[in-house]
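S.K.: One file: entry-v3.cif (mmCIF, C-alpha atoms and all ligand atoms).
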data_target
loop_
_atom_site.label_atom_id
_atom_site.label_comp_id
_atom_site.auth_asym_id
_atom_site.auth_seq_id
_atom_site.Cartn_x
_atom_site.Cartn_y
_atom_site.Cartn_z
CA MET B 1 0.00 0.00 0.00
CA VAL B 2 2.81 2.37 0.95
CA GLY B 3 6.07 0.41 0.91
CA ALA B 4 9.45 1.94 1.58
CA GLU B 5 10.62 2.80 -1.91
CA THR B 6 7.73 4.60 -3.66
CA MET B 7 7.81 8.35 -3.05
CA PRO B 8 5.06 11.00 -3.45
CA SER B 9 7.10 12.43 -6.34
CA ASP B 10 6.52 9.09 -8.15
CA GLN B 11 2.90 8.60 -7.08
CA PRO B 12 1.15 11.75 -5.76
CA ASN B 13 -1.68 9.66 -4.25
CA LEU B 14 0.66 7.67 -1.97
CA PRO B 15 -0.82 7.71 1.56
CA ILE B 16 1.68 9.04 4.11
CA THR B 17 0.09 10.04 7.44
CA PRO B 18 -1.64 7.54 9.76
CA GLU B 19 -5.00 9.08 8.82
CA GLN B 20 -4.30 8.83 5.08
CA ILE B 21 -3.09 5.25 5.45
CA ALA B 22 -6.18 4.32 7.49
CA ASP B 23 -8.47 5.88 4.85
CA ALA B 24 -6.62 3.95 2.14
CA ALA B 25 -6.92 0.70 4.14
CA LYS B 26 -10.66 1.21 4.52
CA ALA B 27 -11.07 1.97 0.81
CA CYS B 28 -9.10 -1.20 -0.03
CA ARG B 29 -11.27 -3.25 2.34
CA ASP B 30 -14.41 -1.80 0.72
CA ALA B 31 -12.95 -2.74 -2.67
CA GLY B 32 -12.40 -6.35 -1.56
CA ALA B 33 -9.01 -6.57 0.20
CA SER B 34 -8.78 -8.71 3.33
CA ILE B 35 -5.16 -7.91 4.33
CA CYS B 36 -3.31 -4.62 4.42
CA HIS B 37 0.51 -4.98 4.17
CA LEU B 38 1.67 -2.06 6.27
CA HIS B 39 4.72 0.20 6.08
CA VAL B 40 4.66 3.64 7.68
CA ARG B 41 6.29 6.98 6.91
CA THR B 42 7.35 10.09 8.77
CA ASP B 43 5.36 13.27 8.03
CA ASP B 44 7.97 14.14 5.40
CA ALA B 45 7.45 10.72 3.74
CA ARG B 46 10.66 8.99 4.87
CA PRO B 47 10.23 5.25 5.55
CA THR B 48 10.40 4.41 9.24
CA GLN B 49 9.88 1.34 11.42
CA ASP B 50 9.17 3.50 14.46
CA LYS B 51 6.98 1.57 16.88
CA GLU B 52 4.92 4.59 17.91
CA ARG B 53 4.20 5.51 14.29
CA PHE B 54 3.02 1.94 13.69
CA ARG B 55 0.90 2.05 16.86
CA GLU B 56 -0.78 5.29 15.79
CA THR B 57 -1.39 3.98 12.27
CA ILE B 58 -2.78 0.62 13.41
CA GLU B 59 -5.12 2.39 15.85
CA ALA B 60 -6.34 4.67 13.05
CA ILE B 61 -6.93 1.64 10.79
CA ARG B 62 -8.75 -0.22 13.57
CA GLU B 63 -11.18 2.67 14.03
CA LYS B 64 -12.24 2.37 10.40
CA THR B 65 -12.07 -1.25 9.33
CA ASP B 66 -11.72 -4.92 10.28
CA ILE B 67 -9.01 -5.57 7.65
CA ILE B 68 -6.09 -7.81 8.76
CA VAL B 69 -3.07 -5.62 9.48
CA GLN B 70 0.14 -7.26 8.35
CA VAL B 71 3.14 -5.17 9.46
CA SER B 72 6.37 -5.16 7.49
CA THR B 73 9.57 -6.37 9.12
CA GLY B 74 11.36 -5.82 5.81
CA GLY B 75 11.39 -2.05 6.28
CA ALA B 76 13.93 -0.52 3.92
CA VAL B 77 17.25 -2.06 2.83
CA TRP B 78 19.44 0.25 4.93
CA MET B 79 17.64 -0.45 8.25
CA THR B 80 19.16 -2.53 11.06
CA PRO B 81 17.42 -5.74 12.23
CA GLU B 82 16.54 -3.97 15.51
CA GLU B 83 14.82 -1.13 13.64
CA ARG B 84 12.97 -3.57 11.40
CA LEU B 85 11.66 -5.62 14.33
CA GLN B 86 10.09 -2.73 16.22
CA PRO B 87 6.44 -3.19 15.10
CA ILE B 88 6.51 -6.80 16.33
CA GLU B 89 6.49 -5.45 19.89
CA LEU B 90 2.90 -4.35 19.20
CA ALA B 91 1.91 -8.03 18.71
CA PRO B 92 0.15 -7.44 15.37
CA GLU B 93 -2.00 -10.20 13.88
CA MET B 94 0.48 -10.85 11.11
CA ALA B 95 3.88 -9.73 9.82
CA THR B 96 6.17 -10.36 6.87
CA LEU B 97 9.28 -12.50 7.21
CA THR B 98 11.68 -12.31 4.26
CA CYS B 99 13.35 -15.71 3.98
CA GLY B 100 16.81 -14.87 2.66
CA THR B 101 19.26 -12.33 1.33
CA VAL B 102 18.68 -11.02 -2.17
CA ASN B 103 19.91 -8.33 -4.53
CA PHE B 104 17.35 -5.52 -4.58
CA GLY B 105 17.96 -3.20 -7.52
CA LYS B 106 21.39 -1.71 -6.86
CA GLU B 107 21.19 -2.65 -3.15
CA VAL B 108 21.29 -5.83 -1.07
CA PHE B 109 18.34 -6.79 1.12
CA TRP B 110 20.13 -8.53 3.97
CA ASN B 111 18.43 -11.48 5.70
CA SER B 112 21.02 -13.88 7.11
CA PRO B 113 20.10 -17.30 8.60
CA GLU B 114 20.70 -15.81 12.06
CA LEU B 115 18.35 -12.88 11.34
CA LEU B 116 15.62 -15.26 10.10
CA GLU B 117 15.80 -17.37 13.26
CA ARG B 118 15.78 -14.30 15.47
CA PHE B 119 12.80 -12.74 13.68
CA ALA B 120 10.86 -16.04 13.66
CA SER B 121 11.43 -16.53 17.35
CA GLU B 122 10.28 -12.95 18.14
CA PHE B 123 7.12 -13.62 16.09
CA GLN B 124 6.53 -16.89 17.92
CA LYS B 125 6.98 -15.31 21.35
CA ARG B 126 4.20 -12.81 20.59
CA GLY B 127 1.86 -15.07 18.59
CA VAL B 128 2.38 -13.13 15.33
CA ARG B 129 1.51 -15.11 12.18
CA PRO B 130 4.28 -14.90 9.56
CA GLU B 131 3.85 -14.37 5.83
CA PHE B 132 7.00 -15.78 4.19
CA GLU B 133 8.24 -13.26 1.62
CA ILE B 134 9.80 -15.26 -1.21
CA PHE B 135 11.94 -13.16 -3.56
CA ASP B 136 13.84 -16.16 -4.95
CA SER B 137 13.25 -19.91 -5.01
CA GLY B 138 15.85 -20.92 -2.38
CA MET B 139 13.92 -18.90 0.18
CA ILE B 140 11.21 -21.61 0.35
CA ALA B 141 13.75 -24.08 1.79
CA ASN B 142 14.91 -21.40 4.24
CA ALA B 143 11.32 -20.95 5.43
CA MET B 144 10.93 -24.71 5.88
CA ASN B 145 14.17 -24.80 7.82
CA LEU B 146 12.49 -22.49 10.35
CA ALA B 147 9.70 -25.08 10.60
CA LYS B 148 12.29 -27.83 11.27
CA LEU B 149 13.70 -25.68 14.05
CA GLY B 150 10.20 -25.40 15.56
CA LEU B 151 10.13 -21.61 15.07
CA VAL B 152 7.07 -21.49 12.78
CA GLU B 153 3.94 -23.64 12.65
CA PRO B 154 1.35 -24.40 9.96
CA PRO B 155 -0.83 -23.24 8.32
CA PHE B 156 1.97 -21.64 6.28
CA HIS B 157 1.41 -18.71 3.95
CA PHE B 158 3.89 -17.68 1.24
CA ASP B 159 3.98 -14.45 -0.77
CA PHE B 160 5.92 -14.73 -4.03
CA VAL B 161 7.41 -11.33 -4.86
CA LEU B 162 8.30 -11.58 -8.53
CA GLY B 163 10.10 -9.10 -10.74
CA VAL B 164 12.36 -7.19 -8.33
CA PRO B 165 15.53 -6.41 -10.34
CA GLY B 166 18.16 -8.80 -8.90
CA ALA B 167 15.60 -11.37 -7.70
CA LEU B 168 13.42 -13.99 -9.42
CA PRO B 169 11.79 -12.60 -12.60
CA ALA B 170 8.00 -12.52 -12.97
CA SER B 171 7.02 -15.29 -15.38
CA ALA B 172 4.32 -17.95 -15.54
CA LYS B 173 7.01 -20.65 -15.43
CA ASN B 174 8.56 -19.25 -12.24
CA LEU B 175 5.16 -18.87 -10.56
CA LEU B 176 4.23 -22.50 -11.37
CA PHE B 177 7.59 -23.71 -10.07
CA LEU B 178 7.15 -21.81 -6.80
CA MET B 179 3.56 -22.91 -6.20
CA GLU B 180 4.60 -26.53 -6.72
CA SER B 181 7.57 -26.15 -4.36
CA ILE B 182 5.69 -25.17 -1.21
CA PRO B 183 4.40 -27.81 1.22
CA ALA B 184 0.95 -29.34 0.74
CA GLY B 185 -1.74 -27.37 2.53
CA ALA B 186 0.14 -24.07 2.42
CA SER B 187 -1.49 -21.00 0.88
CA TRP B 188 0.24 -18.51 -1.39
CA SER B 189 -0.14 -15.11 -2.96
CA VAL B 190 1.77 -13.31 -5.68
CA ALA B 191 3.04 -9.74 -5.74
CA GLY B 192 4.19 -8.84 -9.25
CA ILE B 193 6.42 -5.79 -9.45
CA GLY B 194 5.65 -2.88 -11.80
CA ARG B 195 4.11 -3.92 -15.12
CA HIS B 196 4.06 -7.53 -13.90
CA GLN B 197 1.49 -6.81 -11.18
CA LEU B 198 -1.64 -7.33 -13.27
CA PRO B 199 -0.56 -10.39 -15.33
CA MET B 200 0.76 -12.19 -12.23
CA ALA B 201 -2.49 -11.40 -10.37
CA ALA B 202 -4.65 -12.62 -13.24
CA LEU B 203 -2.61 -15.82 -13.46
CA ALA B 204 -2.73 -16.56 -9.71
CA ILE B 205 -6.52 -16.53 -9.46
CA PRO B 206 -7.33 -19.63 -11.59
CA LEU B 207 -4.27 -21.38 -10.09
CA GLY B 208 -5.80 -21.17 -6.61
CA GLY B 209 -3.47 -18.47 -5.31
CA HIS B 210 -4.14 -15.09 -3.73
CA VAL B 211 -3.07 -11.66 -4.86
CA ARG B 212 -1.24 -8.61 -3.55
CA VAL B 213 -1.55 -5.30 -5.38
CA GLY B 214 -0.80 -1.70 -4.44
CA PHE B 215 1.59 1.21 -4.63
CA GLU B 216 4.43 -0.58 -2.81
CA ASP B 217 4.90 -2.73 -5.92
CA ASN B 218 3.31 -0.77 -8.77
CA ILE B 219 2.12 2.81 -9.21
CA TYR B 220 0.34 2.49 -12.58
CA TYR B 221 -3.19 1.48 -13.52
CA ARG B 222 -2.02 0.81 -17.08
CA LYS B 223 0.97 1.83 -19.17
CA GLY B 224 1.51 5.57 -18.86
CA GLU B 225 -1.47 6.10 -16.52
CA LEU B 226 -0.86 6.46 -12.79
CA ALA B 227 -3.42 4.72 -10.57
CA ILE B 228 -5.62 7.07 -8.56
CA SER B 229 -5.53 4.95 -5.40
CA ASN B 230 -4.54 1.59 -3.96
CA ALA B 231 -8.24 0.75 -3.91
CA GLN B 232 -8.50 1.24 -7.67
CA LEU B 233 -5.95 -1.57 -8.10
CA VAL B 234 -7.81 -3.78 -5.61
CA GLU B 235 -11.15 -3.17 -7.36
CA ARG B 236 -9.82 -4.46 -10.66
CA VAL B 237 -8.48 -7.69 -9.13
CA ALA B 238 -11.75 -8.24 -7.23
CA ARG B 239 -13.63 -7.84 -10.55
CA ILE B 240 -11.37 -10.38 -12.28
CA ALA B 241 -11.71 -12.80 -9.34
CA ALA B 242 -15.51 -12.53 -9.41
CA GLU B 243 -15.57 -13.23 -13.16
CA LEU B 244 -13.42 -16.32 -12.56
CA ASP B 245 -15.78 -17.52 -9.84
CA ARG B 246 -13.29 -17.00 -7.03
CA PRO B 247 -14.96 -14.20 -5.07
CA VAL B 248 -12.73 -12.41 -2.55
CA ALA B 249 -12.59 -13.51 1.10
CA THR B 250 -13.71 -11.33 3.98
CA PRO B 251 -11.01 -10.54 6.57
CA ASP B 252 -12.54 -13.11 8.94
CA GLU B 253 -12.54 -15.78 6.24
CA ALA B 254 -8.89 -14.94 5.57
CA ARG B 255 -8.13 -15.13 9.31
CA ALA B 256 -9.56 -18.66 9.37
CA LEU B 257 -7.36 -19.66 6.41
CA LEU B 258 -4.24 -18.13 7.92
CA GLY B 259 -4.68 -19.47 11.45
CA ILE B 260 -5.21 -16.03 12.98
CA PRO B 261 -7.49 -16.15 16.02
CA ARG B 262 -10.37 -13.67 15.90
N1 LIG T 301 11.16 -2.67 1.26
C1 LIG T 301 11.82 -3.90 0.94
C2 LIG T 301 13.30 -3.77 1.15
C3 LIG T 301 8.52 -6.51 3.53
O1 LIG T 301 7.79 -5.55 3.68
O2 LIG T 301 8.56 -7.43 4.33
C4 LIG T 301 11.34 -5.05 1.74
C5 LIG T 301 9.89 -5.24 1.88
C6 LIG T 301 9.48 -6.57 2.37
O3 LIG T 301 9.07 -4.36 1.65
ZN ZN T 302 6.73 -4.37 2.18
#
Give the structure from the file, written as structure tokens.

M.R.:
Amino acid sequence: MVGAETMPSDQPNLPITPEQIADAAKACRDAGASICHLHVRTDDARPTQDKERFRETIEAIREKTDIIVQVSTGGAVWMTPEERLQPIELAPEMATLTCGTVNFGKEVFWNSPELLERFASEFQKRGVRPEFEIFDSGMIANAMNLAKLGLVEPPFHFDFVLGVPGALPASAKNLLFLMESIPAGASWSVAGIGRHQLPMAALAIPLGGHVRVGFEDNIYYRKGELAISNAQLVERVARIAAELDRPVATPDEARALLGIPR
């Protein structure tokens, strides 16, 4: 929805303040979204993992909607593990857990085995459900290694982030390979980056997957036309899903799938 990389100079409708983010979350929920993947910003739009900023934003979202709030522990590539972990102290329902180190454009997104174990154990201590962020195929085995260590429990949910420069490209072949590589009974979603967002979403629906869209990954509605809101991108996917006879889940239905107590 917000991410850490997109700036208002790229996408003037990017929500920044807690109130703007909460309004955007409600609009996405009304358009059919059941989960809001949450990053926060300072008033001058810098990415931050500040716990109090997350608290304020989550409270503002909670006043408006029942959407599942999934906080980011990815933050931005330059942040320390301690900074990234801050929102976990709020015991959110769900949080992302990137399952390995990967090139990220011209940068490196650092997620060592030690960091993964530490993050997973902090999640476990507070009952936070992880979403495994999979930027490349080896990350699935890293996630399952956390299961062997007893640090994560089923039901597992994977999000395939495809098309980040330096990571696994967005293609039908790669998506099929990933969906066949996760354990039986696990659920998955796809987040296509940039122009890949819509084709990956449209492909995931008949394959039984779920979909992530929004300004973190893509700022356009179509080539050359900026989207007017995150909700506009959600609406289109909900329309496609309805046409394919896979109507969107409510947040409570998604909670049941993901093992999140209500
Ligand atoms: N901003 C990226 C470096 C996550 O939220 O967990 C990482 C990211 C993943 O956005
Ligand atoms: Zn993110």

S.K.: Can you pull out every residue within 12 Å of B:Ala172, counting all atoms listed in the file, but drop anything in the same chain fewer than 5 positions away, and send it as a list in words?

M.R.: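 The neighbour list is Leu162, Gly163, Phe177, Leu178, Met179, Val190, Gly192, His196, Pro199, Met200, Ala201, Ala202, Leu203, Ala204 and Leu207 of chain B.
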
S.K.: Could I get the residue neighbourhood of ligand ZN 302 (chain T) at 10 Å, counting only C-alpha atoms and all ligand atoms, as a PyMOL selection string?

M.R.: chain B and resi 1-5+37-40+70-76+95-98+133+161+216-217

S.K.: Let me see the file: selected residues, C-alpha atoms, as a compact mmCIF listing (two decimals), in the coordinates of the input.

M.R.:
# COMPACT_ATOMS: atom_id res chain seq x y z
CA MET B 1 0.00 0.00 0.00
CA VAL B 2 2.81 2.37 0.95
CA GLY B 3 6.07 0.41 0.91
CA ALA B 4 9.45 1.94 1.58
CA GLU B 5 10.62 2.80 -1.91
CA HIS B 37 0.51 -4.98 4.17
CA LEU B 38 1.67 -2.06 6.27
CA HIS B 39 4.72 0.20 6.08
CA VAL B 40 4.66 3.64 7.68
CA GLN B 70 0.14 -7.26 8.35
CA VAL B 71 3.14 -5.17 9.46
CA SER B 72 6.37 -5.16 7.49
CA THR B 73 9.57 -6.37 9.12
CA GLY B 74 11.36 -5.82 5.81
CA GLY B 75 11.39 -2.05 6.28
CA ALA B 76 13.93 -0.52 3.92
CA ALA B 95 3.88 -9.73 9.82
CA THR B 96 6.17 -10.36 6.87
CA LEU B 97 9.28 -12.50 7.21
CA THR B 98 11.68 -12.31 4.26
CA GLU B 133 8.24 -13.26 1.62
CA VAL B 161 7.41 -11.33 -4.86
CA GLU B 216 4.43 -0.58 -2.81
CA ASP B 217 4.90 -2.73 -5.92

S.K.: What's the 12 Å shell around stretch 118-123 of chain B, counting all atoms listed in the file, without same-chain residues fewer than 2 positions away, as a PyMOL selection string?

M.R.: chain B and resi 71-74+81-100+111-116+125-132+142-147+149-153

S.K.: Kindly indicate which residue among B:Pro18, B:Gly166, B:Gly32, B:Pro47 lies nearest to ligand LIG 301 (chain T), using all atoms listed in the file for the distances.

M.R.: B:Pro47

S.K.: Just the residues within 10 Å of B:Asp252, please, counting only C-alpha atoms, with nothing from its chain fewer than 3 positions along; format it as a PyMOL selection string.

M.R.: chain B and resi 34+66-68+249+255-258+260-262

S.K.: Quick check, in Å to one decimal: how far apart do atom CA of B:Val77 and atom CA of B:Arg46 lie?

M.R.: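 Interatomic distance, atom CA of B:Val77 to atom CA of B:Arg46: 13.0 Å.
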
S.K.: Around (0.3, 5.1, 13.9), as given in the file, which residues come within 12 Å? Count all atoms listed in the file and list them as a PyMOL selection string.

M.R.: chain B and resi 16-22+38-43+48-63+71+87+90

S.K.: Store the residues of this selection in a file with C-alpha atoms, as a CSV table (one decimal), keeping the file's coordinate frame.

M.R.:
chain,number,residue,atom,x,y,z
B,16,ILE,CA,1.7,9.0,4.1
B,17,THR,CA,0.1,10.0,7.4
B,18,PRO,CA,-1.6,7.5,9.8
B,19,GLU,CA,-5.0,9.1,8.8
B,20,GLN,CA,-4.3,8.8,5.1
B,21,ILE,CA,-3.1,5.2,5.4
B,22,ALA,CA,-6.2,4.3,7.5
B,38,LEU,CA,1.7,-2.1,6.3
B,39,HIS,CA,4.7,0.2,6.1
B,40,VAL,CA,4.7,3.6,7.7
B,41,ARG,CA,6.3,7.0,6.9
B,42,THR,CA,7.4,10.1,8.8
B,43,ASP,CA,5.4,13.3,8.0
B,48,THR,CA,10.4,4.4,9.2
B,49,GLN,CA,9.9,1.3,11.4
B,50,ASP,CA,9.2,3.5,14.5
B,51,LYS,CA,7.0,1.6,16.9
B,52,GLU,CA,4.9,4.6,17.9
B,53,ARG,CA,4.2,5.5,14.3
B,54,PHE,CA,3.0,1.9,13.7
B,55,ARG,CA,0.9,2.0,16.9
B,56,GLU,CA,-0.8,5.3,15.8
B,57,THR,CA,-1.4,4.0,12.3
B,58,ILE,CA,-2.8,0.6,13.4
B,59,GLU,CA,-5.1,2.4,15.8
B,60,ALA,CA,-6.3,4.7,13.0
B,61,ILE,CA,-6.9,1.6,10.8
B,62,ARG,CA,-8.8,-0.2,13.6
B,63,GLU,CA,-11.2,2.7,14.0
B,71,VAL,CA,3.1,-5.2,9.5
B,87,PRO,CA,6.4,-3.2,15.1
B,90,LEU,CA,2.9,-4.4,19.2

S.K.: Using Å and a single decimal, report how far atom CA of B:Ser187 sits from atom CA of B:Asp23.

M.R.: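 Straight-line distance from atom CA of B:Asp23 to atom CA of B:Ser187 works out to 28.1 Å.
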
S.K.: Between atom CA of B:Ile219 and atom CA of B:Ala45, measure the distance and give it in Å to one decimal.

M.R.: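 For atom CA of B:Ile219 relative to atom CA of B:Ala45, the distance reads 16.1 Å.
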
S.K.: So which residues fall inside 9 Å of (1.7, -1.6, -11.5) if we count all atoms listed in the file? Mind giving them as an MDAnalysis selection string?

M.R.: chainID B and resid 192:198 213:215 217:223 226:227 233

S.K.: Pick out the closest residue to ligand LIG 301 (chain T) from this set: B:Ala141, B:Gln124, B:Glu117, B:Phe158. Count all atoms listed in the file.

M.R.: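 The shortest atom-to-atom distance to ligand LIG 301 (chain T) comes from B:Phe158.
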
S.K.: B:Gly185: which residues within 10 Å, counting all atoms listed in the file, same-chain residues fewer than 3 positions away excluded, as a list in words?

M.R.: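 Surrounding residues, per the criterion: Pro154, Pro155, Phe156, His157, Ile182 and Trp188 of chain B.
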
S.K.: Would you kindly return, as a list in words, each protein, DNA or RNA residue with an atom no farther than 10 Å from any atom of B:Val248, considering only C-alpha atoms and excluding same-chain residues fewer than 5 positions away?

M.R.: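 What passes the distance filter is Ala31, Gly32, Ala33, Ser34, His210, Val211, Val237, Ala238, Arg239, Ala241, Ala242, Glu253 and Ala254 of chain B.
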
S.K.: For ligand LIG 301 (chain T), which residue among B:Asp10, B:Glu107, B:Asp44, B:Asp136 is the nearest when counting all atoms listed in the file?

M.R.: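 Using all atoms listed in the file, ligand LIG 301 (chain T) sits closest to B:Glu107.
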